[in-house]
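Data first, discussion second: the structure below is written as structure tokens.
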Amino acid sequence: MLQTVLEPQTAEKAALFRETYLAAYRFMLLARLLDDKFAALWRSGRIHGGVFLGRGQEALSAATGISLKKGDVFAPLIRDAAGRLAFGETVLDAARTYLGSARGPMGGRDGNVHRGKPKEGYLPMISHLGAMISVVNGILLARRFKNHAGTVGAASIGDGATSTGAFHEALNQAAVEKLPLVLVVANNHYAYSTPISRQFACRDLADKAAGYGVEVDSMDGTDLNACLETVGQAVDRARAGRGPQMVVATLLRLCGHGEHDDAGYIDPELKKSPVGRDCQKVAEDYLIRQKWADPATLATWRTEAVHKIEEAIAQVQREPGPDPFTEEWRAISTQRLNEGHE
Amino acid sequence: MLQTVLEPQTAEKAALFRETYLAAYRFMLLARLLDDKFAALWRSGRIHGGVFLGRGQEALSAATGISLKKGDVFAPLIRDAAGRLAFGETVLDAARTYLGSARGPMGGRDGNVHRGKPKEGYLPMISHLGAMISVVNGILLARRFKNHAGTVGAASIGDGATSTGAFHEALNQAAVEKLPLVLVVANNHYAYSTPISRQFACRDLADKAAGYGVEVDSMDGTDLNACLETVGQAVDRARAGRGPQMVVATLLRLCGHGEHDDAGYIDPELKKSPVGRDCQKVAEDYLIRQKWADPATLATWRTEAVHKIEEAIAQVQREPGPDPFTEEWRAISTQRLNEGHE
Amino acid sequence: MSITYLEAIREAQAQALRDDPRVFIYGQDVGPFGGAHKATKNLAKEFPGRVLDSPISEDAIVGLAVGAAIEGMRPIVEMQFADFSTVGFNQIVNQAATLFWRTNVPCPVTVRLPFGGTSGSGPFHSQCMETVYAHYPGLIVMTPATVEDAYSMLLEAVAIDDPVIFCEHKFLYYHLKAEKLPSEALPVGKARIVREGRDMTIVTYSAMLHEALEAANELTPEGWEVEVVDLRSVKPIDTDTVMASVARTGRLLCVGEAWPWGGVTAEIIARVSSEGYGLLDAPPQRLNAKDTPVPYHPNLWAAHRPTARAITAAARKLLRL
Amino acid sequence: MSITYLEAIREAQAQALRDDPRVFIYGQDVGPFGGAHKATKNLAKEFPGRVLDSPISEDAIVGLAVGAAIEGMRPIVEMQFADFSTVGFNQIVNQAATLFWRTNVPCPVTVRLPFGGTSGSGPFHSQCMETVYAHYPGLIVMTPATVEDAYSMLLEAVAIDDPVIFCEHKFLYYHLKAEKLPSEALPVGKARIVREGRDMTIVTYSAMLHEALEAANELTPEGWEVEVVDLRSVKPIDTDTVMASVARTGRLLCVGEAWPWGGVTAEIIARVSSEGYGLLDAPPQRLNAKDTPVPYHPNLWAAHRPTARAITAAARKLLRL
Ligand SMILES: Cc1ncc(C[n+]2csc(CCOP(=O)(O)OP(=O)(O)O)c2C)c(N)n1
Ligand SMILES: Cc1ncc(C[n+]2csc(CCOP(=O)(O)OP(=O)(O)O)c2C)c(N)n1
Ligand SMILES: [Mg+2]
Ligand SMILES: [Mg+2]
């Protein structure tokens with residue numbers, strides 16, 4: 001979590017932007033490799049349930065995570081491996097959740113992308129799309145009650161999830177309360193197999209903002225530069241008290257909905273078009289062009305990331321799974337009111 | 001139900017518009033008097049449950065009902081006494097539902113504004129706001145399946161109900177399917193006691209249309225002229241295949257939320273402003289100015305309406321209520337699958 | 001001075017707001033207007049900034065409450081009518097109810113549901129939803145039947161670290177009066193034997209308690225002594241108290257206002273039959289509403305829900321078995 | 001040729017589309033993609049314009065289906081997972097379920113709910129919602145346990161003039177195979193005695209049928225003959241068949257995968273205890289999932305839901321009572 005600087009006019013600011021960019025890139029890289037690892041583990045039958053990757057969306061996600069400060073709130077969704085890491089999640093906790101370690105934040109009760117630490121402002125998604133936004137609103141309202149000004153809450157949402165009633169109610173609620181919510185919309189052109197032509201009929205998802213009375217900005221989601229700038233500015237505006245901010249990124253999901261899905265339905269024209277660019281590659285080219293890194297450095301970073309991941313996975317694989325016999329089968333915290341019957 | 005003519009350029013069109021205006025006015029008048037009667041019956045304890053009036057919204061409502069043709073679909077809400085009558089409801093059926101006659105369309109099972117005849121395209125609202133819009137969509141889609149082109153479906157909605165997820169999902173759905181839905185939004189500045197400042201933060205409810213990719217038009221809801229023109233044009237556009245249409249009327253509720261509510265919370269400034277005008281009065285002034293009616297004619301119409309209402313009420317009061325002993329306590333139509341246990 | 005069930009609910013909220021700065025109220029028209037039922041009357045004025053009108057967005061209302069609870073607040077949410085909680089359903093059963101289990105972070109949200117039938121209210125302003133919520137793990141479902149319980153249980157609901165579905169019966173709002181508010185209370189989770197008896201146990205809750213008591217009184221002249229147990233909360237259920245009562249009387253009639261399939265009455269009978277089979281001298285019986293939506297017309301409504309009369313008849317039949 | 005439970009569901013839909021021009025399918029990804037579970041594979045191609053992808057709008061999905069039904073169509077709606085029907089809940093329980101009662105206009109909507117636990121699916125892709133829907137008047141709730149029933153009951157669901165909640169168990173999708181599709185079928189509303197026995201009746205439905213059958217087989221070498229009843233639909237419940245079986249065996253164990261409070265098992269026990277008390281030689285027992293959300297980890301999941309092993313243990317205990 002680093003403070004993004006948005007107008008690198010001065011040398012100092014330029015240096016800070018470079019630092020942010022490099023940090024964001026490394027989170028992207030780590031996320032991509034971590035996702036690849038999960039996919040490999042899934043293929044070899046080591047992960048139960050689904051595996052959901054953020055391939056192609058790492059720039060947007062990393063920019064979101066890195067634009068937030070400690071004490072901010074983040075409600076990521078399924079394609080946010082990069083943002084989660086940038087917001088402070090450890091590779092270990094991600095691996096523990098996917099592999100169902102008893103030591104993970106979810107203790108094996110929930111898995112894969114359903115992980116978080118609410119008390120650290122890092123919200124564990126429920127599956128129902130759109131449902132996390134109003135939860136972020138609640139935290140932000142509570143901060144206001146407690147006079148903790150200056151907090152920002154970011155929530156991720158996909159093109160498909162903009163069709164949910166929950167999205168609508170929550171964004172409107174944030175606008176009415178003028179909460180510092182940043183809603184990061186990833187228009188990756190598909191919701192599972194459903195193309196956006198079957199999802200909405202507005203010209204652009206950014207057209208929705210006026211209907212809520214919130215500010216909006218759009219960006220090329222394949223370009224880390226644009227993402228850092230646009231998301232960063234939105235976060236700053238929210239923090240400055242300008243109410244909810246919406247940012248809309250255009251990009252493409254470069255993987256299946258989950259690893260079980262070969263995504264054969266994706267329009268080849270889209271893949272070839274600029275929205276189909278791999279943000280990872282775009283960022284690397286930029287790094288090289290800027291001389292912020294050379295290929296050898298990139299290779300070292302990659303090796304370091306792979307090493308970190310392998311180490312974490314190895315450790316988690318030695319950790320115990322949850323034990324149904326010692327497991328406390330209790331859904332409420334008030335022990336004396338637990339029925340516990342079967 | 002009459003065909004609205006929108007540009008009274010030719011003499012014929014002008015005559016037709018006059019006819020439509022007069023008919024709409026008389027539905028407004030009938031609705032106002034009928035509402036007044038229900039309020040009186042409620043005060044004297046003759047109506048169980050609530051009574052909900054359309055006072056101040058008759059112009060908009062009548063314009064909606066009258067803009068529709070036989071075979072069209074209408075999903076009115078609580079302030080639509082005028083539109084219901086214009087769409088073809090009888091005073092008798094309205095009275096029967098309020099008074100719980102066994103002979104009414106709801107047979108005493110449901111009451112007050114919860115009435116309709118689905119097979120005639122007149123939908124009985126459930127209370128949950130926003131829920132009727134997608135039902136209209138379904139009818140319109142079914143018509144498309146059956147190659148019944150040229151049908152329009154109108155649904156009423158209030159400023160408050162625009163905050164529901166149901167509203168959002170349904171309007172988006174209609175836009176994706178390009179259905180001939182006309183969504184008539186009555187911004188009467190309050191949802192029960194809640195002012196619009198606590199309901200939404202957009203500049204104008206019409207700003208929502210672009211976010212769905214639907215056409216929108218706004219009007220002064222106190223002016224029957226404007227309502228007939230704007231709603232009529234929207235209905236024509238929908239019928240012509242231009243997809244969902246939204247119309248936004250600005251007006252004020254000139255009564256309590258229900259008759260139990262003295263509406264003490266309504267801003268006196270609003271009452272004094274142009275939105276607080278009584279549409280009934282505005283229409284009468286217009287009729288007189290246009291010399292389409294003189295005060296004596298207006299008085300006659302009023303007497304006729306009162307008479308019609310009194311007659312209907314008298315008849316309904318002689319009708320039996322539902323009989324719990326002969327009542328078939330069965331919520332499903334497939335008799336053999338009814339459990340009927342208690 | 002006398003105080004109604006509704007006033008007790010208002011007073012409990014005032015008390016909670018006074019005692020605990022973490023408490024706030026959120027819902028439609030709860031602010032200056034004081035709520036559709038007047039359960040928050042004057043609270044916005046007394047506690048500025050802490051009683052907030054919401055948009056008509058039940059999903060977001062509950063979601064916001066969960067977020068605030070995560071952050072240490074103790075929100076009270078009012079649904080205008082229990083029936084409308086169906087559109088906030090997902091946030092209640094999947095967000096609020098699972099939070100503690102998933103994360104060990106408690107979720108002290110109180111959802112007030114003005115519920116149950118009143119004459120002329122019809123299918124969408126009369127529903128009993130306690131069954132549906134009690135089925136989900138992670139929720140506590142309270143159903144106070146008296147002015148005193150309305151007060152003390154609502155205070156406890158706010159104090160408890162778990163999501164509470166607080167089912168307050170609209171029929172009781174003005175119908176019930178007490179002399180004063182209680183200073184002591186039976187804790188939530190304990191049922192109360194409201195009337196002692198020897199011949200039969202009626203287990204019930206909420207508005208039906210009063211119908212059951214009336215029925216019990218009807219039967220006294222006939223020589224029957226009917227014990228009446230008020231469950232107070234339907235999740236958890238105080239099985240011990242129910243079982244002890246059945247042990248004394250040997251006969252069980254369960255009465256609920258909810259629909260017949262799989263509700264509180266089925267759950268009670270299942271527990272007593274499987275765990276206290278030997279205690280029963282006759283087959284356990286139940287009485288619920290009919291299996292249709294709640295009708296509008298007073299004639300139909302009175303036949304749809306159990307009444308003292310219907311309970312008396314069912315009890316008589318059971319006493320003869 | 002052999003056919004899976006999932007294929008049977010696909011075939012039933014194909015058959016319905018073929019037989020009746022009023023049938024169409026609407027839901028997320030059901031079109032060209034063939035659905036998240038592949039239950040509508042190739043149908044969009046076979047029946048152009050009649051299998052439509054919806055937006056992620058469960059409320060509007062069900063609302064649209066009700067409207068289409070009013071207009072004489074017979075929509076089949078797929079929820080991607082039963083768990084997501086919570087956000088379409090209001091339209092199901094308040095719009096679809098009340099339409100006929102309010103207006104005498106039938107509402108032939110079929111809502112397909114891929115439901116139930118599978119290993120690794122976690123709290124939001126595993127839920128059993130039959131209890132919640134069965135509680136509401138106006139809905140029929142089907143829970144087919146076999147390939148044949150999946151086929152014939154889905155056809156019947158589409159043919160019935162009422163809203164049907166069609167609970168198809170995801171665990172059975174690939175797990176169950178049959179030789180061919182049935183040409184005749186037991187009508188909905190009738191339970192089936194799947195295995196005859198003398199010593200005890202296990203009443204169950206859906207995936208738990210197979211666990212129960214396994215348990216019954218386990219007990220054979222010990223000399224016990226366990227009868228197993230598949231309810232097939234949980235609303236209505238075929239009380240007669242259950243009662244007749246209990247009359248023969250004198251012992252009742254109800255097994256369900258849903259949460260324990262107030263579900264199918266409680267309803268069955270309540271019916272048998274109150275109407276068939278004299279038939280029982282021992283207290284009726286039940287076995288449900290534990291009262292927490294459905295866990296992700298296979299270890300926990302296997303302990304959360306009833307299994308053949310747990311059923312065997314419960315049956316043994318009951319047989320000794
Ligand atoms: C309310 C709800 N309905 C359906 C689903 C099933 N589902 C999970 S992800 C998904 C597609 C989401 O698409 P989008 O919002 O565009 O996000 P993306 O996967 O493209 O990142 C669907 C339909 C769900 N999780 N929640
Ligand atoms: C989902 C839902 N929540 C709450 C209510 C209770 N309620 C009935 S009318 C109303 C206010 C509606 O306001 P608006 O939409 O502006 O319509 P108006 O009454 O002003 O015509 C409310 C909150 C409801 N009917 N449905
Ligand atoms: Mg997408
Ligand atoms: Mg309004």
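Within each chain, counting starts at residue 1; across the structure tokens, chains are named A, B, ... in the order shown, with ligands numbered 1 upward in that order.
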
**Study point:** At most 7 Å from ligand 1 (only C-alpha atoms and all ligand atoms): residue list as a list in words
**Key:**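 Counting only C-alpha atoms and all ligand atoms, the residues within 7 Å of ligand 1 come out as Ile78, Arg79, Ser127, His128, Leu129, Ile157, Gly158, Asp159, Gly160, Ala161, Thr162, Thr164, Ala186, Asn187, Asn188, His189, Tyr190, Ala191, Tyr192, Arg253 and His257 of chain A; Gln28, Ile56, Ser57, Glu58, Gln80, Phe84 and Val87 of chain D.
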
Practice item. Write down as a ChimeraX atom specification the residues belonging to segment 121-293 of chain D that are assigned alpha helix (DSSP H) by DSSP computed on the backbone. Key: /D:130-135,147-159,172-175,208-219,239-249,264-275

Would you mind exporting the chosen residues as a compact mmCIF listing (two decimals), in the first residue's frame, restricted to C-alpha atoms?
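What ended up in result.txt:
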# COMPACT_ATOMS: atom_id res chain seq x y z
CA GLU D 130 -36.41 -26.57 -0.22
CA THR D 131 -37.52 -25.78 3.32
CA VAL D 132 -37.77 -22.11 2.72
CA TYR D 133 -39.83 -22.47 -0.44
CA ALA D 134 -42.03 -25.24 0.90
CA HIS D 135 -43.03 -22.99 3.79
CA VAL D 147 -32.39 -39.94 -13.25
CA GLU D 148 -35.87 -41.09 -14.16
CA ASP D 149 -37.54 -38.69 -11.75
CA ALA D 150 -35.33 -35.83 -12.85
CA TYR D 151 -36.72 -36.37 -16.32
CA SER D 152 -40.35 -37.12 -15.68
CA MET D 153 -40.80 -34.66 -12.84
CA LEU D 154 -39.26 -31.80 -14.80
CA LEU D 155 -41.67 -32.54 -17.62
CA GLU D 156 -44.49 -32.56 -15.13
CA ALA D 157 -43.21 -29.36 -13.52
CA VAL D 158 -43.49 -27.61 -16.87
CA ALA D 159 -46.93 -29.08 -17.48
CA LEU D 172 -26.27 -36.22 -8.58
CA TYR D 173 -25.59 -34.50 -11.93
CA TYR D 174 -22.81 -36.85 -12.97
CA HIS D 175 -23.04 -39.27 -10.12
CA MET D 208 -29.80 -38.31 0.72
CA LEU D 209 -31.82 -41.15 -0.79
CA HIS D 210 -28.60 -42.73 -1.96
CA GLU D 211 -26.92 -42.31 1.40
CA ALA D 212 -29.97 -43.87 3.02
CA LEU D 213 -29.97 -46.80 0.63
CA GLU D 214 -26.32 -47.39 1.35
CA ALA D 215 -27.06 -47.29 5.05
CA ALA D 216 -29.91 -49.77 4.61
CA ASN D 217 -27.57 -52.11 2.78
CA GLU D 218 -25.02 -51.78 5.56
CA LEU D 219 -27.62 -52.94 8.03
CA THR D 239 -48.23 -38.38 3.99
CA ASP D 240 -50.24 -41.50 3.19
CA THR D 241 -47.30 -43.43 1.82
CA VAL D 242 -45.12 -42.36 4.73
CA MET D 243 -47.78 -43.32 7.22
CA ALA D 244 -48.40 -46.69 5.60
CA SER D 245 -44.72 -47.47 5.73
CA VAL D 246 -44.44 -46.47 9.39
CA ALA D 247 -47.51 -48.60 10.08
CA ARG D 248 -45.55 -51.57 8.75
CA THR D 249 -42.23 -50.86 10.44
CA VAL D 264 -38.65 -31.48 5.81
CA THR D 265 -37.61 -33.83 8.58
CA ALA D 266 -39.43 -31.79 11.24
CA GLU D 267 -42.50 -31.62 9.05
CA ILE D 268 -42.55 -35.38 8.50
CA ILE D 269 -42.11 -36.11 12.18
CA ALA D 270 -44.82 -33.63 13.08
CA ARG D 271 -47.23 -35.28 10.66
CA VAL D 272 -46.48 -38.80 11.73
CA SER D 273 -46.52 -37.97 15.44
CA SER D 274 -49.77 -36.09 15.31
CA GLU D 275 -51.65 -38.24 12.81

**Study point:** atom CA of Asp291 of chain D to atom CA of Ala258 of chain D, distance in Å rounded to a single decimal
**Key:**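 Calculated distance between atom CA of Asp291 of chain D and atom CA of Ala258 of chain D is 9.0 Å.
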
**Study point:** Check: which chain C residues lie within 8 Å of chain B using only C-alpha atoms, as a count of residues only
**Key:** 34

Check your understanding: Which one is closest to chain B: A:Asp285, A:Glu215, A:Glu229, A:Asp36? Count only C-alpha atoms.
Key -> A:Glu215
